[in-house]
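One file, data.txt, is given below (compact mmCIF, C-alpha atoms and all ligand atoms).
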# COMPACT_ATOMS: atom_id res chain seq x y z
CA MET A 14 -14.47 -28.83 -24.66
CA ARG A 15 -11.49 -26.51 -24.66
CA LEU A 16 -10.39 -25.68 -21.15
CA ARG A 17 -10.35 -21.95 -20.61
CA SER A 18 -7.25 -20.75 -18.82
CA ARG A 19 -7.62 -19.61 -15.27
CA ILE A 20 -7.36 -15.87 -14.69
CA PRO A 21 -5.47 -15.24 -11.44
CA PHE A 22 -6.06 -12.20 -9.27
CA ASN A 23 -2.45 -11.15 -9.76
CA ARG A 24 0.37 -12.24 -12.05
CA PRO A 25 3.82 -10.71 -11.51
CA SER A 26 5.57 -9.65 -14.70
CA ILE A 27 8.96 -8.66 -16.05
CA VAL A 28 8.75 -5.20 -17.64
CA GLY A 29 12.32 -4.39 -18.71
CA ARG A 30 15.93 -4.99 -17.75
CA GLU A 31 15.36 -7.04 -14.54
CA PHE A 32 17.59 -9.99 -15.51
CA SER A 33 20.42 -8.00 -17.03
CA PHE A 34 20.55 -5.80 -13.92
CA ILE A 35 20.71 -8.89 -11.68
CA GLU A 36 23.65 -10.12 -13.75
CA GLU A 37 25.27 -6.71 -13.52
CA ALA A 38 24.84 -6.67 -9.72
CA PHE A 39 26.69 -9.97 -9.55
CA GLU A 40 29.46 -8.76 -11.84
CA ARG A 41 29.92 -5.67 -9.70
CA GLY A 42 30.92 -8.02 -6.88
CA GLN A 43 28.60 -6.80 -4.12
CA LEU A 44 25.47 -8.75 -3.26
CA SER A 45 24.83 -7.31 0.21
CA GLY A 46 22.80 -4.13 0.59
CA ASP A 47 23.49 -0.45 -0.07
CA GLY A 48 25.48 -1.00 -3.26
CA HIS A 49 25.09 0.45 -6.76
CA PHE A 50 21.45 -0.60 -7.39
CA THR A 51 20.22 0.30 -3.91
CA LYS A 52 21.56 3.83 -4.45
CA LEU A 53 19.85 4.04 -7.85
CA CYS A 54 16.57 2.83 -6.32
CA ASN A 55 16.78 5.27 -3.41
CA ALA A 56 17.30 8.19 -5.78
CA ARG A 57 14.48 7.12 -8.12
CA ILE A 58 12.01 6.49 -5.28
CA ALA A 59 12.84 9.86 -3.69
CA GLU A 60 12.16 11.49 -7.06
CA LEU A 61 8.89 9.61 -7.68
CA ALA A 62 7.69 10.28 -4.15
CA GLY A 63 8.80 13.92 -4.11
CA SER A 64 10.68 13.24 -0.91
CA HIS A 65 13.98 14.42 0.62
CA ALA A 66 15.18 10.92 1.32
CA ALA A 67 14.19 7.37 0.42
CA LEU A 68 15.63 4.30 2.10
CA LEU A 69 15.12 0.90 0.52
CA THR A 70 13.84 -1.78 2.91
CA HIS A 71 13.06 -5.47 2.52
CA SER A 72 9.32 -4.81 2.85
CA CYS A 73 6.71 -2.17 3.58
CA THR A 74 6.25 -3.96 6.88
CA ALA A 75 9.89 -3.15 7.70
CA ALA A 76 9.41 0.48 6.66
CA LEU A 77 6.37 0.77 8.94
CA GLU A 78 8.37 -0.76 11.80
CA MET A 79 11.13 1.80 11.21
CA ALA A 80 8.54 4.58 11.22
CA ALA A 81 7.15 3.34 14.53
CA ILE A 82 10.66 3.38 16.07
CA LEU A 83 11.23 6.88 14.65
CA CYS A 84 7.99 8.06 16.28
CA ASP A 85 9.55 6.98 19.61
CA LEU A 86 6.50 4.93 20.46
CA LYS A 87 6.42 3.50 23.96
CA PRO A 88 3.98 1.34 25.94
CA GLY A 89 0.86 3.39 26.65
CA ASP A 90 1.25 5.56 23.56
CA GLU A 91 -1.55 5.49 20.99
CA VAL A 92 -1.53 5.61 17.21
CA ILE A 93 -4.74 6.28 15.28
CA MET A 94 -5.32 4.27 12.09
CA PRO A 95 -8.14 2.75 10.05
CA SER A 96 -9.28 -0.75 10.99
CA PHE A 97 -9.67 -1.42 7.27
CA THR A 98 -5.98 -2.01 6.51
CA PHE A 99 -3.30 -4.66 6.30
CA VAL A 100 -2.06 -6.17 9.55
CA SER A 101 1.40 -4.58 9.22
CA THR A 102 0.06 -1.06 9.84
CA ALA A 103 -1.06 -2.15 13.31
CA ASN A 104 1.74 -4.62 14.06
CA ALA A 105 4.38 -1.92 13.67
CA VAL A 106 2.72 -0.07 16.55
CA ALA A 107 2.01 -3.15 18.67
CA LEU A 108 5.66 -4.25 18.36
CA ARG A 109 6.68 -1.06 20.23
CA GLY A 110 4.22 -1.97 23.00
CA ALA A 111 2.01 0.95 21.91
CA THR A 112 -1.71 0.73 21.15
CA PRO A 113 -3.28 0.91 17.69
CA VAL A 114 -6.54 2.88 17.94
CA PHE A 115 -8.92 1.80 15.19
CA VAL A 116 -11.33 4.30 13.65
CA ASP A 117 -13.83 4.14 10.81
CA ILE A 118 -13.29 5.03 7.15
CA ASP A 119 -15.11 7.41 4.85
CA PRO A 120 -17.81 5.52 2.88
CA ARG A 121 -16.79 7.01 -0.45
CA SER A 122 -12.98 7.09 -0.41
CA LEU A 123 -12.58 4.08 1.95
CA ASN A 124 -9.75 6.08 3.55
CA VAL A 125 -9.56 7.00 7.21
CA ASP A 126 -12.22 9.58 8.15
CA PRO A 127 -10.50 12.74 9.49
CA GLU A 128 -13.45 13.51 11.79
CA ARG A 129 -13.13 10.09 13.40
CA VAL A 130 -9.39 10.64 13.76
CA GLU A 131 -9.94 13.94 15.54
CA ALA A 132 -12.51 12.39 17.88
CA ALA A 133 -10.10 9.59 18.83
CA ILE A 134 -7.25 11.82 19.99
CA THR A 135 -6.28 11.56 23.67
CA SER A 136 -3.35 12.84 25.72
CA ARG A 137 -1.56 9.57 24.82
CA THR A 138 -1.89 9.94 21.04
CA LYS A 139 1.50 10.17 19.30
CA ALA A 140 0.80 9.65 15.62
CA ILE A 141 -1.68 9.04 12.82
CA PHE A 142 -1.02 6.21 10.36
CA ALA A 143 -3.03 7.04 7.20
CA VAL A 144 -3.50 4.33 4.57
CA HIS A 145 -3.92 5.27 0.89
CA TYR A 146 -6.46 2.57 0.06
CA ALA A 147 -6.49 1.23 -3.51
CA GLY A 148 -3.73 3.75 -4.26
CA PHE A 149 -5.95 6.80 -3.69
CA PRO A 150 -4.32 9.16 -1.16
CA ALA A 151 -6.18 9.91 2.07
CA ASP A 152 -7.31 13.48 2.87
CA MET A 153 -3.80 14.52 3.91
CA ASP A 154 -4.32 18.27 4.32
CA ARG A 155 -7.00 17.68 6.92
CA LEU A 156 -5.02 14.95 8.66
CA ASN A 157 -1.88 17.11 8.73
CA ALA A 158 -3.84 20.07 10.13
CA ILE A 159 -5.27 17.89 12.91
CA ALA A 160 -1.82 16.49 13.64
CA GLN A 161 -0.14 19.88 13.64
CA ALA A 162 -2.63 21.28 16.15
CA LYS A 163 -1.82 18.42 18.54
CA GLY A 164 1.88 17.87 17.80
CA LEU A 165 1.41 14.42 16.26
CA ARG A 166 3.44 12.66 13.57
CA VAL A 167 1.68 11.64 10.36
CA ILE A 168 2.82 8.48 8.58
CA GLU A 169 1.52 7.50 5.16
CA ASP A 170 1.00 3.80 4.61
CA ALA A 171 1.60 4.30 0.89
CA ALA A 172 2.07 0.55 0.23
CA GLN A 173 -0.39 0.73 -2.67
CA ALA A 174 0.14 4.32 -3.76
CA MET A 175 3.40 4.64 -5.74
CA GLY A 176 2.73 7.18 -8.52
CA SER A 177 -0.53 8.58 -7.09
CA THR A 178 -0.98 12.26 -6.25
CA TYR A 179 -2.88 14.51 -3.84
CA LYS A 180 -3.37 18.14 -4.91
CA GLY A 181 -0.57 17.64 -7.41
CA ARG A 182 1.88 16.32 -4.81
CA PRO A 183 3.03 12.68 -4.96
CA ALA A 184 2.12 10.06 -2.38
CA GLY A 185 5.16 9.67 -0.16
CA SER A 186 5.69 13.42 0.18
CA LEU A 187 2.52 14.09 2.17
CA GLY A 188 3.40 13.14 5.76
CA ASP A 189 6.45 13.06 8.06
CA MET A 190 7.29 9.66 6.60
CA ALA A 191 5.77 7.19 4.15
CA ALA A 192 6.07 3.44 3.69
CA PHE A 193 5.92 1.85 0.22
CA SER A 194 5.62 -1.81 -0.74
CA PHE A 195 7.19 -3.63 -3.69
CA HIS A 196 5.54 -6.95 -2.82
CA GLU A 197 4.58 -8.90 -5.93
CA THR A 198 0.93 -7.89 -5.54
CA LYS A 199 1.71 -4.17 -5.77
CA ASN A 200 2.36 -2.02 -8.88
CA ILE A 201 6.17 -1.89 -8.79
CA ILE A 202 7.56 -5.20 -7.59
CA SER A 203 10.65 -7.04 -6.42
CA GLY A 204 8.99 -10.11 -4.87
CA GLU A 205 9.36 -8.70 -1.40
CA GLY A 206 10.54 -5.13 -1.01
CA GLY A 207 9.72 -1.72 0.38
CA ALA A 208 10.97 1.76 1.10
CA LEU A 209 10.65 4.45 3.73
CA THR A 210 10.58 8.04 2.54
CA VAL A 211 11.47 10.60 5.17
CA ASN A 212 10.21 14.16 4.78
CA ALA A 213 10.74 15.42 8.33
CA SER A 214 14.38 16.50 8.16
CA ASP A 215 14.93 15.85 11.90
CA LEU A 216 14.31 12.13 11.29
CA ILE A 217 16.57 11.36 8.33
CA HIS A 218 19.81 10.78 10.23
CA ARG A 219 18.20 8.45 12.77
CA ALA A 220 16.32 6.58 10.02
CA GLU A 221 19.64 5.62 8.42
CA ILE A 222 20.95 4.36 11.76
CA ILE A 223 17.88 2.29 12.59
CA ARG A 224 17.99 0.66 9.15
CA GLU A 225 21.68 -0.27 9.58
CA LYS A 226 21.33 -2.31 12.80
CA GLY A 227 21.60 0.78 15.00
CA THR A 228 25.02 1.74 13.64
CA ASP A 229 26.29 4.85 11.87
CA ARG A 230 27.52 2.72 8.95
CA SER A 231 25.82 5.01 6.39
CA ARG A 232 27.92 7.94 7.58
CA PHE A 233 31.03 5.74 7.48
CA LEU A 234 30.28 4.75 3.85
CA ARG A 235 30.02 8.43 2.95
CA GLY A 236 33.36 9.09 4.65
CA GLU A 237 31.79 11.30 7.35
CA VAL A 238 33.22 9.22 10.21
CA ASP A 239 36.36 7.06 10.16
CA LYS A 240 34.82 3.99 11.83
CA TYR A 241 31.29 2.84 12.46
CA THR A 242 29.81 1.73 15.73
CA TRP A 243 26.63 0.89 17.61
CA VAL A 244 24.81 4.11 18.51
CA ASP A 245 21.04 3.32 18.78
CA ILE A 246 18.49 0.51 18.53
CA GLY A 247 17.94 -0.85 15.04
CA SER A 248 17.70 -3.93 12.91
CA SER A 249 18.58 -5.22 9.46
CA PHE A 250 15.92 -3.52 7.38
CA LEU A 251 17.78 -3.38 4.05
CA PRO A 252 17.47 -5.74 1.06
CA GLY A 253 20.41 -7.18 -0.86
CA GLU A 254 21.58 -5.93 -4.24
CA LEU A 255 19.84 -8.70 -6.27
CA VAL A 256 16.47 -7.44 -5.07
CA ALA A 257 17.49 -3.82 -5.69
CA ALA A 258 18.67 -4.70 -9.22
CA PHE A 259 15.31 -6.29 -10.08
CA LEU A 260 13.46 -3.37 -8.49
CA PHE A 261 15.40 -0.70 -10.36
CA ALA A 262 14.33 -2.23 -13.69
CA GLN A 263 10.71 -1.97 -12.52
CA LEU A 264 11.17 1.61 -11.31
CA GLU A 265 12.49 2.53 -14.77
CA GLN A 266 9.11 1.44 -16.14
CA GLU A 267 6.97 3.14 -13.50
CA SER A 268 4.97 5.24 -15.94
CA PHE A 269 4.41 2.31 -18.34
CA ILE A 270 3.14 0.17 -15.45
CA ARG A 271 0.93 2.94 -14.08
CA GLU A 272 -0.56 3.82 -17.47
CA THR A 273 -1.20 0.18 -18.37
CA ARG A 274 -2.95 -0.40 -15.06
CA LEU A 275 -4.95 2.83 -15.38
CA GLY A 276 -6.06 1.68 -18.83
CA LEU A 277 -7.41 -1.55 -17.32
CA PHE A 278 -8.96 0.37 -14.42
CA ASN A 279 -10.79 2.61 -16.90
CA ARG A 280 -11.98 -0.39 -18.91
CA TYR A 281 -13.58 -1.81 -15.76
CA SER A 282 -15.02 1.60 -14.80
CA ASP A 283 -16.66 2.03 -18.20
CA ALA A 284 -17.96 -1.54 -18.27
CA PHE A 285 -19.73 -1.21 -14.91
CA ALA A 286 -20.72 2.47 -15.10
CA ASP A 287 -24.28 1.67 -16.11
CA LEU A 288 -24.88 -0.75 -13.23
CA ALA A 289 -23.36 1.80 -10.85
CA ARG A 290 -25.64 4.52 -12.18
CA ARG A 291 -28.60 2.29 -11.42
CA GLU A 292 -27.11 1.76 -7.91
CA ARG A 293 -26.94 -2.00 -8.27
CA ILE A 294 -23.24 -1.81 -7.30
CA ALA A 295 -20.81 0.94 -6.32
CA LEU A 296 -17.40 1.56 -7.88
CA PRO A 297 -14.13 3.15 -6.69
CA TRP A 298 -14.54 6.86 -5.95
CA HIS A 299 -11.95 9.57 -5.46
CA SER A 300 -12.09 13.30 -4.89
CA GLU A 301 -10.99 15.85 -7.49
CA ASP A 302 -7.87 16.42 -5.38
CA VAL A 303 -6.56 12.96 -6.07
CA THR A 304 -5.13 10.96 -8.98
CA GLY A 305 -4.79 7.19 -8.72
CA ASN A 306 -2.27 4.69 -10.04
CA GLY A 307 -4.55 1.88 -11.18
CA HIS A 308 -3.54 -0.25 -8.23
CA MET A 309 -6.89 -1.89 -7.64
CA PHE A 310 -10.37 -2.11 -9.10
CA TYR A 311 -13.18 -3.18 -6.81
CA LEU A 312 -16.94 -3.59 -6.80
CA LEU A 313 -19.08 -2.85 -3.75
CA MET A 314 -21.99 -5.28 -3.70
CA ARG A 315 -25.25 -4.73 -1.84
CA ASN A 316 -24.46 -7.27 0.90
CA ILE A 317 -22.24 -10.16 1.94
CA ASP A 318 -24.48 -12.78 0.30
CA ASP A 319 -24.13 -11.10 -3.09
CA ARG A 320 -20.41 -10.75 -2.49
CA ASP A 321 -19.92 -14.43 -1.71
CA ALA A 322 -22.19 -15.55 -4.54
CA LEU A 323 -20.31 -13.50 -7.15
CA ILE A 324 -16.91 -14.63 -5.83
CA ALA A 325 -18.07 -18.27 -6.09
CA HIS A 326 -19.51 -17.71 -9.57
CA LEU A 327 -16.27 -16.14 -10.82
CA ARG A 328 -14.23 -18.95 -9.28
CA GLU A 329 -16.31 -21.49 -11.16
CA ALA A 330 -15.54 -19.59 -14.35
CA GLY A 331 -11.83 -19.78 -13.48
CA ILE A 332 -11.52 -16.16 -12.33
CA ILE A 333 -10.01 -15.33 -8.98
CA ALA A 334 -11.59 -12.26 -7.35
CA PRO A 335 -10.99 -11.99 -3.59
CA PHE A 336 -12.62 -9.85 -0.93
CA HIS A 337 -10.30 -7.71 1.20
CA TYR A 338 -9.29 -6.97 4.78
CA VAL A 339 -11.01 -8.64 7.69
CA PRO A 340 -11.29 -5.48 9.85
CA LEU A 341 -8.40 -5.46 12.31
CA HIS A 342 -10.50 -4.30 15.28
CA SER A 343 -12.59 -7.47 14.97
CA ALA A 344 -9.60 -9.84 14.67
CA PRO A 345 -8.17 -11.61 17.75
CA GLY A 346 -4.93 -9.61 17.46
CA GLY A 347 -6.83 -6.35 17.14
CA ARG A 348 -8.88 -7.05 20.26
CA ARG A 349 -5.75 -8.05 22.17
CA PHE A 350 -3.44 -5.20 21.17
CA GLY A 351 -5.75 -2.42 19.99
CA ARG A 352 -8.57 -0.17 21.03
CA THR A 353 -11.62 0.71 18.95
CA GLU A 354 -12.97 4.26 18.88
CA GLY A 355 -16.59 4.80 17.89
CA ASP A 356 -18.67 2.44 15.78
CA LEU A 357 -16.98 1.04 12.70
CA GLU A 358 -20.06 0.54 10.55
CA VAL A 359 -18.51 1.63 7.26
CA THR A 360 -15.53 -0.65 7.87
CA GLN A 361 -17.81 -3.63 8.57
CA ALA A 362 -20.00 -2.90 5.56
CA THR A 363 -16.98 -2.47 3.27
CA TYR A 364 -15.53 -5.78 4.41
CA ALA A 365 -18.88 -7.42 3.68
CA ARG A 366 -19.43 -5.82 0.27
CA LEU A 367 -16.07 -5.41 -1.49
CA ILE A 368 -14.72 -7.66 -4.29
CA ARG A 369 -11.39 -7.02 -6.03
CA LEU A 370 -11.18 -7.91 -9.72
CA PRO A 371 -8.01 -9.21 -11.44
CA LEU A 372 -5.74 -6.31 -12.41
CA PHE A 373 -2.14 -6.73 -13.56
CA VAL A 374 0.06 -5.50 -16.39
CA THR A 375 -0.30 -8.63 -18.57
CA LEU A 376 -4.08 -9.02 -18.09
CA GLY A 377 -4.65 -7.84 -21.67
CA SER A 378 -7.74 -9.21 -23.43
CA GLU A 379 -8.52 -11.56 -20.53
CA ILE A 380 -10.21 -8.51 -19.03
CA ASP A 381 -13.04 -9.04 -21.55
CA ARG A 382 -13.85 -12.39 -20.01
CA VAL A 383 -13.78 -10.99 -16.48
CA ILE A 384 -16.13 -8.19 -17.53
CA ASP A 385 -18.41 -10.51 -19.48
CA VAL A 386 -18.83 -13.10 -16.71
CA THR A 387 -19.25 -10.43 -14.00
CA HIS A 388 -21.65 -8.35 -16.05
CA LYS A 389 -23.92 -11.28 -16.87
CA TRP A 390 -24.13 -12.31 -13.21
CA LEU A 391 -24.81 -8.75 -12.04
CA ASN A 392 -27.55 -8.24 -14.59
CA ILE A 393 -29.41 -11.25 -13.28
CA HIS A 394 -28.67 -11.07 -9.56
CA ALA A 395 -27.67 -7.61 -8.42
C1 LIG B 1 0.87 -4.62 1.03
C2 LIG B 1 0.59 -3.72 2.18
C3 LIG B 1 1.45 -3.69 3.30
C4 LIG B 1 2.61 -4.63 3.49
O1 LIG B 1 3.55 -4.62 2.49
P1 LIG B 1 4.78 -5.66 2.51
O2 LIG B 1 5.74 -5.08 1.54
O3 LIG B 1 4.22 -6.98 2.07
O4 LIG B 1 5.32 -5.72 3.89
C5 LIG B 1 1.18 -2.77 4.29
N1 LIG B 1 0.13 -1.94 4.21
C6 LIG B 1 -0.72 -1.97 3.18
C7 LIG B 1 -1.87 -0.99 3.15
C8 LIG B 1 -0.52 -2.87 2.13
O5 LIG B 1 -1.38 -2.88 1.10

Represent the structure from my file as structure tokens, please.
Ligand SMILES: *Cc1c(COP(=O)(O)O)cnc(C)c1O
Amino acid sequence: MRLRSRIPFNRPSIVGREFSFIEEAFERGQLSGDGHFTKLCNARIAELAGSHAALLTHSCTAALEMAAILCDLKPGDEVIMPSFTFVSTANAVALRGATPVFVDIDPRSLNVDPERVEAAITSRTKAIFAVHYAGFPADMDRLNAIAQAKGLRVIEDAAQAMGSTYKGRPAGSLGDMAAFSFHETKNIISGEGGALTVNASDLIHRAEIIREKGTDRSRFLRGEVDKYTWVDIGSSFLPGELVAAFLFAQLEQESFIRETRLGLFNRYSDAFADLARRERIALPWHSEDVTGNGHMFYLLMRNIDDRDALIAHLREAGIIAPFHYVPLHSAPGGRRFGRTEGDLEVTQATYARLIRLPLFVTLGSEIDRVIDVTHKWLNIHA
């Protein structure tokens, strides 16, 4: 019997001039950060995100940590966020000694529910961290209106959302700041990597300082001051030029990557549309206000037993399809550092029901096998 090749959940790929740019970075003689390729990346990310300023970081986690510092979070302060997110959204807040307040998500968009956000606001609330799940932007107009009425900052966790839009405006331009990820599991990759876009003009100067170990080195490099010195808290949040060189080659191909992924996303949508119509499963949903970037395709099963059975069945067929976040409010860290507001039924149900299918640029015709195996199982069991 011929062994069928395994289909991973994700496979990172080279899409253009990654290796020649890495060579060029070396030839230019600067491997530390903020050189030629970092500047190119910053400009391109600012353009893609429709933002005033973009600062390359070594991860989205780092960008979220910078955002938390820029929000001036202190012990006792609260930040409202979905429980259905990656641990870094909450850690950034907990690292400042502040309290993540976990609220439920909307059952259709799987993004934070603005009504739940509003209900969770107290006199200690300082900010809202909104996650754009599966690359589909959260309801930012409503969140911004709530924030504006109470004087809160709004941060987009846009880790998954490069290239997506909300009412025609790009993800990354929709809050005071936004954090992107270029981790190898995201659309645009550099192994590890991230960026902070800063839209609130009063925060840009301090963002540069925090990223450069609390010094005004960025102003020094622009010739605005004649020496640089320690002026604020900060850390080393910037990547080296080799990472930036790789990333810039990926950024050049942003539309190719997005369109390829959207093509695969649509293949999955079409293949499962019939089962969704008969309510045997549910598929990704987004409002008319939003365009996605093909970051993720998921199925919502009827219950956790179906979820686990399909995951096991796919694994036996050599296909890796994982579930997603263990809700943060239910995790030991979430109970220790956070507070939960209201019931989180949708979050719990989504954790129990969601399966992510393989989706990456080089998936190609392997998608037929994923669809075939999944479809056959669903027709019998779901
Ligand atoms: C991937 C991800 C992160 C973390 O990104 P890193 O670049 O790995 O630090 C944060 N938030 C969300 C929603 C993510 O999907």

Surroundings of ligand LIG 1 (chain B) up to 10 Å, based on all atoms listed in the file, as a PyMOL selection string: chain A and resi 70-78+97-105+143-148+169-174+192-199+202-208+308+338

Neighbours of point (17.2, 3.0, 11.3) within 8 Å, using all atoms listed in the file, written as a ChimeraX atom specification: /A:79,83,219-227,246-248,250

Distance criterion (only C-alpha atoms): nearest to Val386 (chain A) out of A:Ala325, A:Ile134, A:Ala158, A:Leu44: A:Ala325

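When CA of His65 (chain A) is paired with CA of Arg109 (chain A), their separation reads 26.0 Å.
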
Among the residues A:Ala262, A:Ala66, A:Val167, A:Ala38, the one that comes closest to Met153 (chain A) [using all atoms listed in the file]: A:Val167

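Look at Ile35 (chain A): the protein and nucleic acid residues within 10 Å of it, using only C-alpha atoms and passing over chain neighbours fewer than 6 places away, are A:Arg41, A:Leu44, A:Phe50, A:Glu254, A:Leu255, A:Val256, A:Ala257, A:Ala258, A:Phe259, A:Leu260, A:Phe261, A:Ala262.
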
Pull C-alpha atoms from the residues just selected and write them as a PDB file, in the frame of the given file.
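The file below, again-v8.pdb, is the result:
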ATOM      1  CA  ARG A  41      29.920  -5.670  -9.700  1.00  0.00           C
ATOM      2  CA  LEU A  44      25.470  -8.750  -3.260  1.00  0.00           C
ATOM      3  CA  PHE A  50      21.450  -0.600  -7.390  1.00  0.00           C
ATOM      4  CA  GLU A 254      21.580  -5.930  -4.240  1.00  0.00           C
ATOM      5  CA  LEU A 255      19.840  -8.700  -6.270  1.00  0.00           C
ATOM      6  CA  VAL A 256      16.470  -7.440  -5.070  1.00  0.00           C
ATOM      7  CA  ALA A 257      17.490  -3.820  -5.690  1.00  0.00           C
ATOM      8  CA  ALA A 258      18.670  -4.700  -9.220  1.00  0.00           C
ATOM      9  CA  PHE A 259      15.310  -6.290 -10.080  1.00  0.00           C
ATOM     10  CA  LEU A 260      13.460  -3.370  -8.490  1.00  0.00           C
ATOM     11  CA  PHE A 261      15.400  -0.700 -10.360  1.00  0.00           C
ATOM     12  CA  ALA A 262      14.330  -2.230 -13.690  1.00  0.00           C
TER      13      ALA A 262
END

Residue with smallest distance to Ile324 (chain A) - pool A:Leu288, A:Leu391, A:Ile93, A:Ala140, counting only C-alpha atoms: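 Between A:Leu288, A:Leu391, A:Ile93, A:Ala140, the residue approaching Ile324 (chain A) most closely is A:Leu391.
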
Nearest to Asp283 (chain A) by atom-to-atom distance, counting all atoms listed in the file, from A:Ile384, A:Met190, A:Arg366, A:Glu40: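 Nearest candidate to Asp283 (chain A) out of A:Ile384, A:Met190, A:Arg366, A:Glu40: A:Ile384.
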
Which residues are near region 340-346 of chain A? Cut-off 12 Å, all atoms listed in the file, ignore same chain within fewer than 6 positions. Put them as a CSV table (one decimal) with C-alpha atoms, keeping the file's coordinate frame.
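Here's the written file result.csv:
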chain,number,residue,atom,x,y,z
A,94,MET,CA,-5.3,4.3,12.1
A,95,PRO,CA,-8.1,2.8,10.0
A,96,SER,CA,-9.3,-0.8,11.0
A,97,PHE,CA,-9.7,-1.4,7.3
A,98,THR,CA,-6.0,-2.0,6.5
A,99,PHE,CA,-3.3,-4.7,6.3
A,100,VAL,CA,-2.1,-6.2,9.6
A,101,SER,CA,1.4,-4.6,9.2
A,102,THR,CA,0.1,-1.1,9.8
A,103,ALA,CA,-1.1,-2.2,13.3
A,104,ASN,CA,1.7,-4.6,14.1
A,107,ALA,CA,2.0,-3.2,18.7
A,108,LEU,CA,5.7,-4.2,18.4
A,112,THR,CA,-1.7,0.7,21.2
A,113,PRO,CA,-3.3,0.9,17.7
A,114,VAL,CA,-6.5,2.9,17.9
A,115,PHE,CA,-8.9,1.8,15.2
A,116,VAL,CA,-11.3,4.3,13.6
A,117,ASP,CA,-13.8,4.1,10.8
A,118,ILE,CA,-13.3,5.0,7.2
A,352,ARG,CA,-8.6,-0.2,21.0
A,353,THR,CA,-11.6,0.7,19.0
A,354,GLU,CA,-13.0,4.3,18.9
A,355,GLY,CA,-16.6,4.8,17.9
A,356,ASP,CA,-18.7,2.4,15.8
A,357,LEU,CA,-17.0,1.0,12.7
A,358,GLU,CA,-20.1,0.5,10.6
A,359,VAL,CA,-18.5,1.6,7.3
A,360,THR,CA,-15.5,-0.6,7.9
A,361,GLN,CA,-17.8,-3.6,8.6
A,362,ALA,CA,-20.0,-2.9,5.6
A,363,THR,CA,-17.0,-2.5,3.3
A,364,TYR,CA,-15.5,-5.8,4.4
A,365,ALA,CA,-18.9,-7.4,3.7

Point-to-point distance from CA of Val106 (chain A) to CA of Ala56 (chain A), Å rounded to tenths: 27.9 Å

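Of the residues under consideration (A:Ile393, A:Leu275, A:Ile201, A:Val339), A:Ile201 shows the shortest atom-to-atom contact distance to Met175 (chain A) when counting all atoms listed in the file.
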
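We find CA of Arg320 (chain A) and CA of Ser122 (chain A) to be spaced 19.4 Å apart.
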
Residue with smallest distance to Lys52 (chain A) - pool A:Leu69, A:Ala213, A:Val303, A:Ile270, counting all atoms listed in the file: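 Among the listed residues, A:Leu69 lies closest to Lys52 (chain A).
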
Selection near Ser64 (chain A), 6 Å with all atoms listed in the file, sequence-local residues under 3 positions removed, as a ChimeraX atom specification: /A:59,186,212

Shell of 10 Å around Pro297 (chain A), all atoms listed in the file, local chain residues under 2 positions omitted, as a count of residues only: 14

Neighbour residues at most 8 Å from (-3.8, -12.8, -7.5) (all atoms listed in the file) as a PyMOL selection string: chain A and resi 21-24+198+333-334+371

Can you rebuild region 219-229 of chain A with N, CA and C atoms and give it as an mmCIF file, keeping the file's coordinate frame?
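So the final result, stored in out.cif, reads:
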data_model
loop_
_atom_site.group_PDB
_atom_site.id
_atom_site.type_symbol
_atom_site.label_atom_id
_atom_site.label_comp_id
_atom_site.auth_asym_id
_atom_site.auth_seq_id
_atom_site.Cartn_x
_atom_site.Cartn_y
_atom_site.Cartn_z
ATOM 1 N N ARG A 219 18.508 9.602 11.921
ATOM 2 C CA ARG A 219 18.200 8.450 12.770
ATOM 3 C C ARG A 219 17.616 7.297 11.943
ATOM 4 N N ALA A 220 16.892 7.633 10.878
ATOM 5 C CA ALA A 220 16.320 6.580 10.020
ATOM 6 C C ALA A 220 17.430 5.721 9.417
ATOM 7 N N GLU A 221 18.500 6.364 8.983
ATOM 8 C CA GLU A 221 19.640 5.620 8.420
ATOM 9 C C GLU A 221 20.258 4.680 9.452
ATOM 10 N N ILE A 222 20.332 5.156 10.683
ATOM 11 C CA ILE A 222 20.950 4.360 11.760
ATOM 12 C C ILE A 222 20.094 3.150 12.107
ATOM 13 N N ILE A 223 18.795 3.372 12.243
ATOM 14 C CA ILE A 223 17.880 2.290 12.590
ATOM 15 C C ILE A 223 17.901 1.191 11.522
ATOM 16 N N ARG A 224 17.997 1.620 10.263
ATOM 17 C CA ARG A 224 17.990 0.660 9.150
ATOM 18 C C ARG A 224 19.274 -0.157 9.099
ATOM 19 N N GLU A 225 20.363 0.404 9.604
ATOM 20 C CA GLU A 225 21.680 -0.270 9.580
ATOM 21 C C GLU A 225 22.028 -0.815 10.949
ATOM 22 N N LYS A 226 21.098 -1.579 11.533
ATOM 23 C CA LYS A 226 21.330 -2.310 12.800
ATOM 24 C C LYS A 226 21.724 -1.400 13.952
ATOM 25 N N GLY A 227 21.279 -0.139 13.905
ATOM 26 C CA GLY A 227 21.600 0.780 15.000
ATOM 27 C C GLY A 227 23.021 1.308 14.946
ATOM 28 N N THR A 228 23.655 1.204 13.775
ATOM 29 C CA THR A 228 25.020 1.740 13.640
ATOM 30 C C THR A 228 25.035 2.962 12.718
ATOM 31 N N ASP A 229 26.148 3.699 12.768
ATOM 32 C CA ASP A 229 26.290 4.850 11.870
ATOM 33 C C ASP A 229 27.077 4.456 10.603
#
